[in-house]
$ cat coords_7.txt   # compact mmCIF, C-alpha atoms and all ligand atoms
# COMPACT_ATOMS: atom_id res chain seq x y z
CA MET A 1 -6.94 -16.88 -9.68
CA GLU A 2 -8.04 -14.97 -12.74
CA ASN A 3 -10.66 -13.19 -10.65
CA PHE A 4 -8.22 -12.17 -7.96
CA THR A 5 -5.82 -10.74 -10.54
CA VAL A 6 -8.59 -8.70 -12.16
CA LEU A 7 -9.89 -7.50 -8.80
CA LEU A 8 -6.42 -6.52 -7.62
CA GLU A 9 -5.84 -4.43 -10.73
CA LEU A 10 -9.27 -2.87 -10.35
CA GLN A 11 -8.66 -2.08 -6.69
CA ILE A 12 -5.43 -0.25 -7.54
CA ARG A 13 -6.96 1.59 -10.52
CA GLU A 14 -9.99 2.70 -8.53
CA PHE A 15 -7.77 4.08 -5.81
CA LEU A 16 -5.70 6.00 -8.37
CA ASP A 17 -8.89 7.27 -10.04
CA ARG A 18 -10.07 8.57 -6.68
CA ALA A 19 -6.64 10.12 -6.02
CA ASN A 20 -6.79 11.83 -9.42
CA ALA A 21 -10.17 13.25 -8.48
CA GLY A 22 -8.82 14.48 -5.15
CA LYS A 23 -10.95 11.98 -3.26
CA ALA A 24 -8.25 9.68 -1.90
CA SER A 25 -5.04 10.28 -0.05
CA LEU A 26 -2.26 8.36 1.67
CA SER A 27 -2.02 8.15 5.45
CA ASP A 28 1.00 9.60 7.28
CA GLU A 29 2.04 6.07 8.11
CA ILE A 30 2.11 5.06 4.42
CA ILE A 31 4.03 8.20 3.47
CA GLU A 32 6.58 7.56 6.22
CA GLN A 33 7.02 3.98 5.02
CA PHE A 34 7.47 5.28 1.45
CA ALA A 35 10.16 7.71 2.68
CA GLU A 36 11.88 4.87 4.53
CA ASP A 37 11.76 2.63 1.41
CA CYS A 38 13.29 5.43 -0.69
CA LYS A 39 15.98 6.03 1.92
CA GLN A 40 16.93 2.36 1.92
CA ALA A 41 16.92 2.29 -1.89
CA ILE A 42 19.32 5.22 -2.23
CA GLN A 43 21.59 3.82 0.48
CA ARG A 44 21.59 0.47 -1.31
CA GLN A 45 22.37 1.86 -4.74
CA PHE A 46 25.14 4.15 -3.50
CA SER A 47 26.92 1.60 -1.33
CA LYS A 48 26.84 -1.47 -3.54
CA LYS A 49 29.30 -4.24 -2.78
CA ARG A 50 30.36 -6.05 -5.93
CA GLU A 51 30.63 -9.49 -4.39
CA TYR A 52 29.49 -12.48 -6.38
CA SER A 53 26.89 -14.74 -4.88
CA VAL A 54 24.20 -16.96 -6.34
CA ARG A 55 20.84 -15.27 -5.71
CA MET A 56 17.29 -16.26 -6.58
CA SER A 57 17.00 -13.06 -8.60
CA GLY A 58 19.90 -13.98 -10.89
CA LEU A 59 19.98 -17.76 -11.26
CA GLY A 60 17.75 -17.84 -14.33
CA ARG A 61 20.07 -15.60 -16.38
CA PRO A 62 22.44 -17.07 -19.00
CA ILE A 63 24.90 -19.44 -17.30
CA CYS A 64 27.84 -18.03 -19.25
CA GLN A 65 27.07 -14.56 -17.84
CA GLN A 66 26.91 -15.89 -14.28
CA LYS A 67 30.25 -17.67 -14.69
CA MET A 68 31.90 -14.46 -15.93
CA GLU A 69 30.62 -12.72 -12.79
CA ARG A 70 31.82 -15.62 -10.65
CA ASP A 71 35.34 -15.34 -12.06
CA GLY A 72 35.49 -11.58 -11.59
CA TYR A 73 35.57 -10.52 -15.25
CA GLU A 74 35.09 -6.81 -15.55
CA GLU A 75 31.54 -5.99 -16.55
CA GLU A 76 30.92 -3.02 -18.78
CA LYS A 77 28.92 -0.41 -16.88
CA SER A 78 27.38 2.89 -17.86
CA TYR A 79 27.49 5.93 -15.61
CA ASN A 80 23.66 5.99 -15.59
CA ASP A 81 23.29 2.40 -14.32
CA VAL A 82 23.12 3.49 -10.70
CA LEU A 83 20.25 5.87 -11.47
CA ARG A 84 18.52 3.30 -13.64
CA PHE A 85 18.52 0.81 -10.75
CA LEU A 86 17.47 3.53 -8.32
CA PHE A 87 14.50 4.41 -10.57
CA GLY A 88 13.47 0.75 -10.37
CA ASP A 89 13.65 0.76 -6.57
CA VAL A 90 11.72 4.04 -6.30
CA VAL A 91 9.03 2.77 -8.68
CA GLU A 92 8.74 -0.27 -6.41
CA ALA A 93 8.40 1.99 -3.33
CA ILE A 94 5.69 4.03 -5.13
CA THR A 95 3.85 0.83 -6.06
CA MET A 96 3.92 -0.39 -2.46
CA ALA A 97 2.58 2.97 -1.23
CA VAL A 98 -0.21 2.87 -3.81
CA MET A 99 -1.14 -0.72 -2.91
CA ARG A 100 -1.18 0.14 0.80
CA GLY A 101 -3.33 3.19 0.04
CA ALA A 102 -5.69 1.08 -2.04
CA GLY A 103 -6.14 -1.30 0.89
CA VAL A 104 -4.47 -4.32 -0.76
CA ASP A 105 -4.08 -7.08 1.83
CA ILE A 106 -0.29 -7.20 2.12
CA ALA A 107 0.92 -10.21 4.08
CA ASP A 108 4.66 -9.50 3.88
CA THR A 109 7.10 -7.27 2.08
CA GLN A 110 10.87 -7.31 1.51
CA THR A 111 11.03 -10.75 3.11
CA LYS A 112 14.26 -12.70 3.09
CA VAL A 113 13.74 -16.30 2.01
CA THR A 114 15.97 -19.32 1.45
CA THR A 115 15.49 -22.70 -0.11
CA ASN A 116 17.63 -25.76 -0.67
CA ILE A 117 18.32 -26.60 -4.27
CA GLY A 118 20.27 -29.86 -4.40
CA ASP A 119 22.97 -29.47 -1.77
CA SER A 120 23.01 -25.67 -1.90
CA GLU A 121 21.04 -23.16 0.06
CA ILE A 122 20.03 -20.26 -2.09
CA ALA A 123 18.73 -16.93 -0.77
CA GLY A 124 16.63 -14.07 -2.03
CA THR A 125 14.41 -11.20 -0.94
CA LEU A 126 10.86 -11.27 -2.26
CA ASP A 127 9.07 -8.01 -3.00
CA VAL A 128 5.62 -8.68 -1.62
CA ALA A 129 3.22 -11.42 -0.54
CA ILE A 130 -0.46 -10.56 -0.98
CA THR A 131 -3.34 -12.41 0.65
CA ASP A 132 -5.86 -13.63 -1.91
CA GLU A 133 -9.65 -13.96 -1.73
CA HIS A 134 -9.29 -17.31 0.09
CA GLY A 135 -7.09 -15.78 2.77
CA LEU A 136 -3.92 -17.40 1.36
CA PRO A 137 -0.73 -15.47 0.59
CA LYS A 138 0.87 -15.53 -2.85
CA VAL A 139 4.25 -14.17 -3.83
CA TRP A 140 4.39 -11.24 -6.26
CA ASP A 141 7.32 -9.51 -7.87
CA ILE A 142 7.18 -5.80 -8.72
CA LYS A 143 8.82 -4.85 -12.01
CA SER A 144 9.38 -1.37 -13.33
CA ALA A 145 9.22 -1.75 -17.09
CA SER A 146 10.19 0.37 -20.07
CA ASP A 147 7.35 1.29 -22.37
CA TYR A 148 8.57 -1.39 -24.81
CA SER A 149 8.73 -4.24 -22.31
CA PHE A 150 5.45 -3.20 -20.65
CA THR A 151 3.66 -3.36 -24.01
CA ASN A 152 5.42 -6.30 -25.61
CA LYS A 153 6.13 -8.47 -22.62
CA PHE A 154 4.20 -7.83 -19.43
CA SER A 155 0.93 -6.90 -21.12
CA LYS A 156 1.07 -10.21 -23.00
CA GLY A 157 1.15 -12.44 -19.92
CA TYR A 158 3.13 -15.26 -18.34
CA ARG A 159 3.78 -17.24 -21.55
CA ALA A 160 5.19 -14.18 -23.34
CA ILE A 161 7.58 -13.58 -20.43
CA GLU A 162 8.53 -17.26 -20.40
CA ALA A 163 9.24 -17.22 -24.14
CA ASP A 164 11.74 -14.38 -23.86
CA ASP A 165 13.17 -14.53 -20.35
CA VAL A 166 16.78 -13.34 -20.60
CA PHE A 167 16.65 -11.93 -17.06
CA GLY A 168 15.33 -15.12 -15.46
CA TYR A 169 12.07 -13.63 -14.13
CA ILE A 170 10.26 -16.98 -14.23
CA MET A 171 12.86 -18.79 -12.14
CA GLN A 172 13.11 -15.86 -9.74
CA GLY A 173 9.37 -16.00 -9.05
CA HIS A 174 9.31 -19.77 -8.59
CA LEU A 175 12.30 -19.70 -6.22
CA TYR A 176 10.77 -16.95 -4.08
CA ALA A 177 7.56 -18.96 -3.97
CA GLU A 178 9.43 -22.10 -2.95
CA GLY A 179 11.34 -20.19 -0.26
CA TYR A 180 8.14 -18.65 1.11
CA GLN A 181 6.19 -21.91 0.73
CA ALA A 182 3.34 -20.24 -1.12
CA PRO A 183 2.31 -20.09 -4.77
CA PHE A 184 3.86 -17.58 -7.16
CA GLY A 185 1.16 -15.00 -7.92
CA GLY A 186 2.96 -13.20 -10.73
CA TRP A 187 4.21 -9.70 -11.47
CA ILE A 188 2.95 -6.23 -10.71
CA ALA A 189 4.42 -4.40 -13.68
CA VAL A 190 4.61 -0.61 -13.80
CA ASN A 191 5.29 1.31 -16.99
CA LYS A 192 8.01 3.76 -16.00
CA SER A 193 7.04 6.32 -18.61
CA SER A 194 3.23 6.23 -18.50
CA GLY A 195 2.52 5.06 -14.94
CA GLU A 196 0.23 2.28 -16.22
CA ILE A 197 0.01 -0.83 -14.07
CA ALA A 198 -0.51 -4.41 -15.24
CA ILE A 199 -1.11 -7.32 -12.90
CA VAL A 200 0.33 -10.34 -14.69
CA GLU A 201 -0.86 -13.64 -13.34
CA ALA A 202 1.64 -16.51 -13.09
CA ASP A 203 -0.32 -19.19 -14.85
CA TYR A 204 1.54 -22.46 -14.30
CA THR A 205 1.00 -26.06 -13.23
CA GLU A 206 2.57 -27.85 -10.27
CA GLU A 207 4.64 -29.87 -12.79
CA GLU A 208 5.99 -26.64 -14.27
CA HIS A 209 6.92 -25.40 -10.80
CA GLU A 210 8.81 -28.64 -10.14
CA ALA A 211 10.47 -28.41 -13.56
CA GLU A 212 11.64 -24.89 -12.73
CA LEU A 213 13.22 -26.11 -9.47
CA LYS A 214 14.90 -28.93 -11.39
CA ARG A 215 16.20 -26.40 -13.92
CA ALA A 216 17.59 -24.33 -11.03
CA LYS A 217 19.38 -27.44 -9.75
CA ASP A 218 20.87 -28.12 -13.19
CA ILE A 219 22.06 -24.52 -13.52
CA LEU A 220 23.71 -24.67 -10.09
CA LYS A 221 25.58 -27.80 -11.19
CA LYS A 222 26.70 -26.18 -14.44
CA LEU A 223 27.92 -23.09 -12.56
CA ASP A 224 30.77 -25.23 -11.22
CA GLY A 225 32.23 -25.64 -14.71
CA PRO A 226 34.86 -23.53 -16.49
CA ILE A 227 34.15 -20.38 -18.50
CA HIS A 228 33.07 -20.88 -22.13
CA LYS A 229 35.74 -20.70 -24.82
CA ARG A 230 33.22 -19.55 -27.41
CA PRO A 231 29.86 -17.83 -26.81
CA PRO A 232 27.18 -20.51 -26.37
CA TYR A 233 24.82 -18.54 -28.62
CA ASP A 234 25.09 -18.20 -32.39
CA SER A 235 25.14 -14.80 -33.99
CA ILE A 236 22.32 -14.18 -36.45
CA GLU A 237 22.65 -13.65 -40.17
CA GLU A 238 21.38 -10.26 -41.32
CA LYS A 239 19.26 -10.70 -44.41
CA ASP A 240 20.73 -9.22 -47.63
CA THR A 241 24.09 -8.31 -46.05
CA ARG A 242 27.21 -10.16 -44.95
CA ASN A 243 26.74 -8.77 -41.45
CA ARG A 244 25.87 -10.76 -38.36
CA LEU A 245 23.67 -9.58 -35.54
CA MET A 246 24.32 -10.26 -31.87
CA PRO A 247 22.16 -12.97 -30.27
CA LYS A 248 19.54 -11.46 -27.99
CA PRO A 249 20.82 -12.62 -24.56
CA CYS A 250 24.19 -11.01 -25.32
CA THR A 251 22.66 -7.63 -26.19
CA PHE A 252 21.61 -7.26 -22.53
CA CYS A 253 24.90 -8.54 -21.13
CA GLY A 254 27.73 -6.46 -19.70
CA PHE A 255 30.35 -8.94 -20.95
CA LYS A 256 29.60 -8.60 -24.66
CA LYS A 257 32.96 -7.03 -25.45
CA HIS A 258 34.73 -10.05 -23.90
CA CYS A 259 32.73 -12.55 -25.92
CA TRP A 260 32.31 -10.63 -29.18
CA LYS A 261 35.57 -8.80 -29.84
CA ASN A 262 34.25 -7.00 -32.92
CA ALA A 263 30.92 -5.96 -31.39
CA GLU A 264 29.61 -2.67 -32.78
CA PHE A 265 26.50 -0.72 -31.88
CA HIS A 266 25.36 0.69 -35.19
CA PRO A 267 22.17 1.92 -36.91
CA LYS A 268 20.41 -1.10 -38.43
CA VAL A 269 21.84 -1.33 -41.94
CA THR A 270 18.74 -2.81 -43.58
CA SER A 271 16.28 -0.42 -41.93
CA ARG A 272 14.46 2.00 -44.23
CA ALA A 273 13.38 4.21 -41.33
CA LYS A 274 14.49 7.84 -41.36
CA PHE A 275 16.11 7.25 -37.97
CA PRO A 276 17.11 3.54 -38.00
CA PRO A 277 17.19 1.79 -34.61
CA GLN A 278 20.64 1.13 -33.13
CA VAL A 279 21.44 -2.59 -32.96
CA TRP A 280 24.43 -4.70 -31.90
CA TYR A 281 26.46 -6.36 -34.63
CA THR A 282 29.06 -9.08 -34.03
CA LYS A 283 30.33 -8.58 -37.57
CA LEU A 284 29.73 -5.41 -39.53
CA VAL A 285 31.22 -5.40 -43.03
CA ASP A 286 28.37 -3.93 -45.09
CA LYS A 287 27.27 -0.49 -43.95
S1 LIG A 301 27.93 -11.76 -23.96
FE1 LIG A 301 26.61 -13.49 -24.42
S2 LIG A 301 27.95 -15.25 -24.44
FE2 LIG A 301 29.02 -13.62 -23.35
S3 LIG A 301 28.59 -13.90 -21.20
FE3 LIG A 301 27.10 -12.46 -22.02
S4 LIG A 301 25.35 -13.71 -22.59
FE4 LIG A 301 27.08 -15.09 -22.38

$ encode --input "coords_7.txt" --output "structure tokens"
Amino acid sequence: MENFTVLLELQIREFLDRANAGKASLSDEIIEQFAEDCKQAIQRQFSKKREYSVRMSGLGRPICQQKMERDGYEEEKSYNDVLRFLFGDVVEAITMAVMRGAGVDIADTQTKVTTNIGDSEIAGTLDVAITDEHGLPKVWDIKSASDYSFTNKFSKGYRAIEADDVFGYIMQGHLYAEGYQAPFGGWIAVNKSSGEIAIVEADYTEEEHEAELKRAKDILKKLDGPIHKRPPYDSIEEKDTRNRLMPKPCTFCGFKKHCWKNAEFHPKVTSRAKFPPQVWYTKLVDK
């Protein structure tokens, strides 16, 4: 598939090059579809129901986090979350418009899929299925990425995403693929700040796909259990201080104040930078 991935990226880049040069445009039909996608995105983000359900998009996240959601614990939110999610949806709508303009062979988009994992039926909505050079569809997920995650994660490929997958992107892709009964193609990642696009191929074996489905089954089983008494992750010793840093999965979690009562967001104590990065501490005694 390496070739298809490279060609897809090239096809999109060439179209954007031509658009930059004033030699390509989008049809009225594509623009209308883009407007419709944006309309649905803003309606979705401003009328969110906070009901818990197991979804393909969330099953790969930390189990402790999913249980807290299940039991209705209050999640810490920021006022800008709604806009942050809306940006993601609009970036996805832009990406779809660009791919349509570039003539990418789109087999399906925003398709609802289900699959049985153990005794449970689990649902999701895949972003896009694209027909490859052999005429076969593959499932792709569009991700709007920060500059940091675009550079350090998506640009480094499937194994880099797998190694640091606190949002469960790998499982999400495999479950969509299983629901659609087609291979998982990978991610179409868009850098929100620069507009760069990376096509990241999902490079996996059939055994790995099966292992991912088995992992999903195990997680579903564990989701029946009670909430953790102590966080299942260890805090991390900060070198040369008595402080402890928050484990990575917790730094992205809206329940951190429940699990780490003394959590503090503070400039990194050991940093020598003029403007030290802000990091989460679970214990901050040396400042
Ligand atoms: S803060 Fe950490 S331990 Fe607590 S629910 Fe979130 S990920 Fe799990």

$ residues_near_ligand --input "coords_7.txt" --ligand "ligand LIG 301 (chain A)" --cutoff "12 Å" --atoms "all atoms listed in the file" --output "short mmCIF file (atom, residue, chain, number, x, y, z; two decimals) with C-alpha atoms, in the coordinates of the input"
data_model
loop_
_atom_site.label_atom_id
_atom_site.label_comp_id
_atom_site.auth_asym_id
_atom_site.auth_seq_id
_atom_site.Cartn_x
_atom_site.Cartn_y
_atom_site.Cartn_z
CA GLY A 60 17.75 -17.84 -14.33
CA ARG A 61 20.07 -15.60 -16.38
CA PRO A 62 22.44 -17.07 -19.00
CA ILE A 63 24.90 -19.44 -17.30
CA CYS A 64 27.84 -18.03 -19.25
CA GLN A 65 27.07 -14.56 -17.84
CA GLN A 66 26.91 -15.89 -14.28
CA LYS A 67 30.25 -17.67 -14.69
CA MET A 68 31.90 -14.46 -15.93
CA GLU A 69 30.62 -12.72 -12.79
CA ARG A 70 31.82 -15.62 -10.65
CA ASP A 71 35.34 -15.34 -12.06
CA TYR A 73 35.57 -10.52 -15.25
CA GLU A 74 35.09 -6.81 -15.55
CA GLU A 75 31.54 -5.99 -16.55
CA GLU A 76 30.92 -3.02 -18.78
CA VAL A 166 16.78 -13.34 -20.60
CA PHE A 167 16.65 -11.93 -17.06
CA ILE A 227 34.15 -20.38 -18.50
CA HIS A 228 33.07 -20.88 -22.13
CA LYS A 229 35.74 -20.70 -24.82
CA ARG A 230 33.22 -19.55 -27.41
CA PRO A 231 29.86 -17.83 -26.81
CA PRO A 232 27.18 -20.51 -26.37
CA TYR A 233 24.82 -18.54 -28.62
CA ASP A 234 25.09 -18.20 -32.39
CA SER A 235 25.14 -14.80 -33.99
CA MET A 246 24.32 -10.26 -31.87
CA PRO A 247 22.16 -12.97 -30.27
CA LYS A 248 19.54 -11.46 -27.99
CA PRO A 249 20.82 -12.62 -24.56
CA CYS A 250 24.19 -11.01 -25.32
CA THR A 251 22.66 -7.63 -26.19
CA PHE A 252 21.61 -7.26 -22.53
CA CYS A 253 24.90 -8.54 -21.13
CA GLY A 254 27.73 -6.46 -19.70
CA PHE A 255 30.35 -8.94 -20.95
CA LYS A 256 29.60 -8.60 -24.66
CA LYS A 257 32.96 -7.03 -25.45
CA HIS A 258 34.73 -10.05 -23.90
CA CYS A 259 32.73 -12.55 -25.92
CA TRP A 260 32.31 -10.63 -29.18
CA LYS A 261 35.57 -8.80 -29.84
CA ASN A 262 34.25 -7.00 -32.92
CA ALA A 263 30.92 -5.96 -31.39
CA TRP A 280 24.43 -4.70 -31.90
CA THR A 282 29.06 -9.08 -34.03
#

$ atom_distance --input "coords_7.txt" --atom1 "atom CA of Ala123 of chain A" --atom2 "atom CA of Gln181 of chain A"
13.6 Å

$ axis_aligned_box --input "coords_7.txt" --around "segment 96-103 of chain A" --padding-each-side "6 Å" --output "JSON"
{"center_x": -1.1, "center_y": 0.9, "center_z": -1.5, "size_x": 22.1, "size_y": 16.5, "size_z": 16.7}

$ residues_around --input "coords_7.txt" --residues "segment 14-16 of chain A" --least-positions-apart "3" --cutoff "8 Å" --atoms "all atoms listed in the file" --output "ChimeraX atom specification"
/A:10-11,19-20,24,98,101-102

$ residues_near_point --input "coords_7.txt" --point "(17.0, -4.9, -42.6)" --cutoff "9 Å" --atoms "only C-alpha atoms" --output "list in words"
Glu238, Lys239, Asp240, Thr241, Lys268, Val269, Thr270, Ser271 and Arg272 of chain A

$ residues_near_point --input "coords_7.txt" --point "(9.2, -11.8, 2.1)" --cutoff "12 Å" --atoms "only C-alpha atoms" --output "ChimeraX atom specification"
/A:106-114,123-130,137-141,173,175-182

$ residues_around --input "coords_7.txt" --residues "Val82 of chain A" --least-positions-apart "3" --cutoff "8 Å" --atoms "all atoms listed in the file" --output "ChimeraX atom specification"
/A:45-46,79,85-86

$ build_atoms --input "coords_7.txt" --residues "segment 111-122 of chain A" --atoms "all heavy atoms" --output "JSON list (two decimals), in the frame of the given file"
[["chain", "number", "residue", "atom", "x", "y", "z"],
["A", 111, "THR", "N", 10.79, -9.62, 2.20],
["A", 111, "THR", "CA", 11.03, -10.75, 3.11],
["A", 111, "THR", "C", 12.19, -11.60, 2.59],
["A", 111, "THR", "O", 12.20, -12.00, 1.42],
["A", 111, "THR", "CB", 9.76, -11.63, 3.18],
["A", 111, "THR", "OG1", 8.66, -10.75, 3.40],
["A", 111, "THR", "CG2", 9.84, -12.65, 4.28],
["A", 112, "LYS", "N", 13.12, -11.85, 3.48],
["A", 112, "LYS", "CA", 14.26, -12.70, 3.09],
["A", 112, "LYS", "C", 13.81, -14.16, 3.15],
["A", 112, "LYS", "O", 13.19, -14.58, 4.12],
["A", 112, "LYS", "CB", 15.43, -12.48, 4.04],
["A", 112, "LYS", "CG", 16.03, -11.09, 3.91],
["A", 112, "LYS", "CD", 17.34, -10.98, 4.66],
["A", 112, "LYS", "CE", 17.89, -9.57, 4.68],
["A", 112, "LYS", "NZ", 17.78, -8.76, 3.48],
["A", 113, "VAL", "N", 14.12, -14.89, 2.07],
["A", 113, "VAL", "CA", 13.74, -16.30, 2.01],
["A", 113, "VAL", "C", 14.95, -17.13, 1.56],
["A", 113, "VAL", "O", 15.86, -16.61, 0.91],
["A", 113, "VAL", "CB", 12.55, -16.56, 1.04],
["A", 113, "VAL", "CG1", 11.26, -16.01, 1.60],
["A", 113, "VAL", "CG2", 12.81, -15.97, -0.34],
["A", 114, "THR", "N", 14.92, -18.40, 1.93],
["A", 114, "THR", "CA", 15.97, -19.32, 1.45],
["A", 114, "THR", "C", 15.30, -20.63, 1.06],
["A", 114, "THR", "O", 14.20, -20.94, 1.53],
["A", 114, "THR", "CB", 17.01, -19.66, 2.56],
["A", 114, "THR", "OG1", 16.32, -20.18, 3.67],
["A", 114, "THR", "CG2", 17.82, -18.45, 2.97],
["A", 115, "THR", "N", 15.96, -21.36, 0.20],
["A", 115, "THR", "CA", 15.49, -22.70, -0.11],
["A", 115, "THR", "C", 16.69, -23.56, -0.48],
["A", 115, "THR", "O", 17.72, -23.04, -0.92],
["A", 115, "THR", "CB", 14.42, -22.70, -1.22],
["A", 115, "THR", "OG1", 13.86, -23.99, -1.33],
["A", 115, "THR", "CG2", 14.98, -22.31, -2.58],
["A", 116, "ASN", "N", 16.54, -24.86, -0.30],
["A", 116, "ASN", "CA", 17.63, -25.76, -0.67],
["A", 116, "ASN", "C", 17.39, -26.29, -2.07],
["A", 116, "ASN", "O", 16.33, -26.85, -2.35],
["A", 116, "ASN", "CB", 17.72, -26.94, 0.31],
["A", 116, "ASN", "CG", 18.31, -26.50, 1.63],
["A", 116, "ASN", "OD1", 19.19, -25.64, 1.65],
["A", 116, "ASN", "ND2", 17.83, -27.04, 2.71],
["A", 117, "ILE", "N", 18.38, -26.07, -2.91],
["A", 117, "ILE", "CA", 18.32, -26.60, -4.27],
["A", 117, "ILE", "C", 19.49, -27.58, -4.38],
["A", 117, "ILE", "O", 20.64, -27.15, -4.33],
["A", 117, "ILE", "CB", 18.45, -25.47, -5.33],
["A", 117, "ILE", "CG1", 17.33, -24.43, -5.18],
["A", 117, "ILE", "CG2", 18.50, -26.03, -6.74],
["A", 117, "ILE", "CD1", 15.95, -24.88, -5.59],
["A", 118, "GLY", "N", 19.19, -28.86, -4.47],
["A", 118, "GLY", "CA", 20.27, -29.86, -4.40],
["A", 118, "GLY", "C", 20.92, -29.72, -3.03],
["A", 118, "GLY", "O", 20.23, -29.67, -2.01],
["A", 119, "ASP", "N", 22.26, -29.60, -3.05],
["A", 119, "ASP", "CA", 22.97, -29.47, -1.77],
["A", 119, "ASP", "C", 23.19, -28.02, -1.38],
["A", 119, "ASP", "O", 23.84, -27.73, -0.37],
["A", 119, "ASP", "CB", 24.37, -30.14, -1.88],
["A", 119, "ASP", "CG", 24.23, -31.61, -2.17],
["A", 119, "ASP", "OD1", 23.20, -32.18, -1.76],
["A", 119, "ASP", "OD2", 25.14, -32.17, -2.82],
["A", 120, "SER", "N", 22.71, -27.09, -2.18],
["A", 120, "SER", "CA", 23.01, -25.67, -1.90],
["A", 120, "SER", "C", 21.81, -24.94, -1.35],
["A", 120, "SER", "O", 20.68, -25.16, -1.80],
["A", 120, "SER", "CB", 23.43, -24.96, -3.20],
["A", 120, "SER", "OG", 24.35, -25.71, -3.89],
["A", 121, "GLU", "N", 22.10, -24.04, -0.43],
["A", 121, "GLU", "CA", 21.04, -23.16, 0.06],
["A", 121, "GLU", "C", 21.14, -21.87, -0.75],
["A", 121, "GLU", "O", 22.21, -21.30, -0.89],
["A", 121, "GLU", "CB", 21.23, -22.85, 1.54],
["A", 121, "GLU", "CG", 20.07, -22.03, 2.09],
["A", 121, "GLU", "CD", 20.23, -21.73, 3.58],
["A", 121, "GLU", "OE1", 21.04, -20.86, 3.90],
["A", 121, "GLU", "OE2", 19.53, -22.35, 4.39],
["A", 122, "ILE", "N", 20.03, -21.46, -1.28],
["A", 122, "ILE", "CA", 20.03, -20.26, -2.09],
["A", 122, "ILE", "C", 19.06, -19.24, -1.48],
["A", 122, "ILE", "O", 18.00, -19.61, -0.99],
["A", 122, "ILE", "CB", 19.75, -20.60, -3.58],
["A", 122, "ILE", "CG1", 19.53, -19.35, -4.40],
["A", 122, "ILE", "CG2", 18.65, -21.54, -3.80],
["A", 122, "ILE", "CD1", 19.64, -19.60, -5.87]]
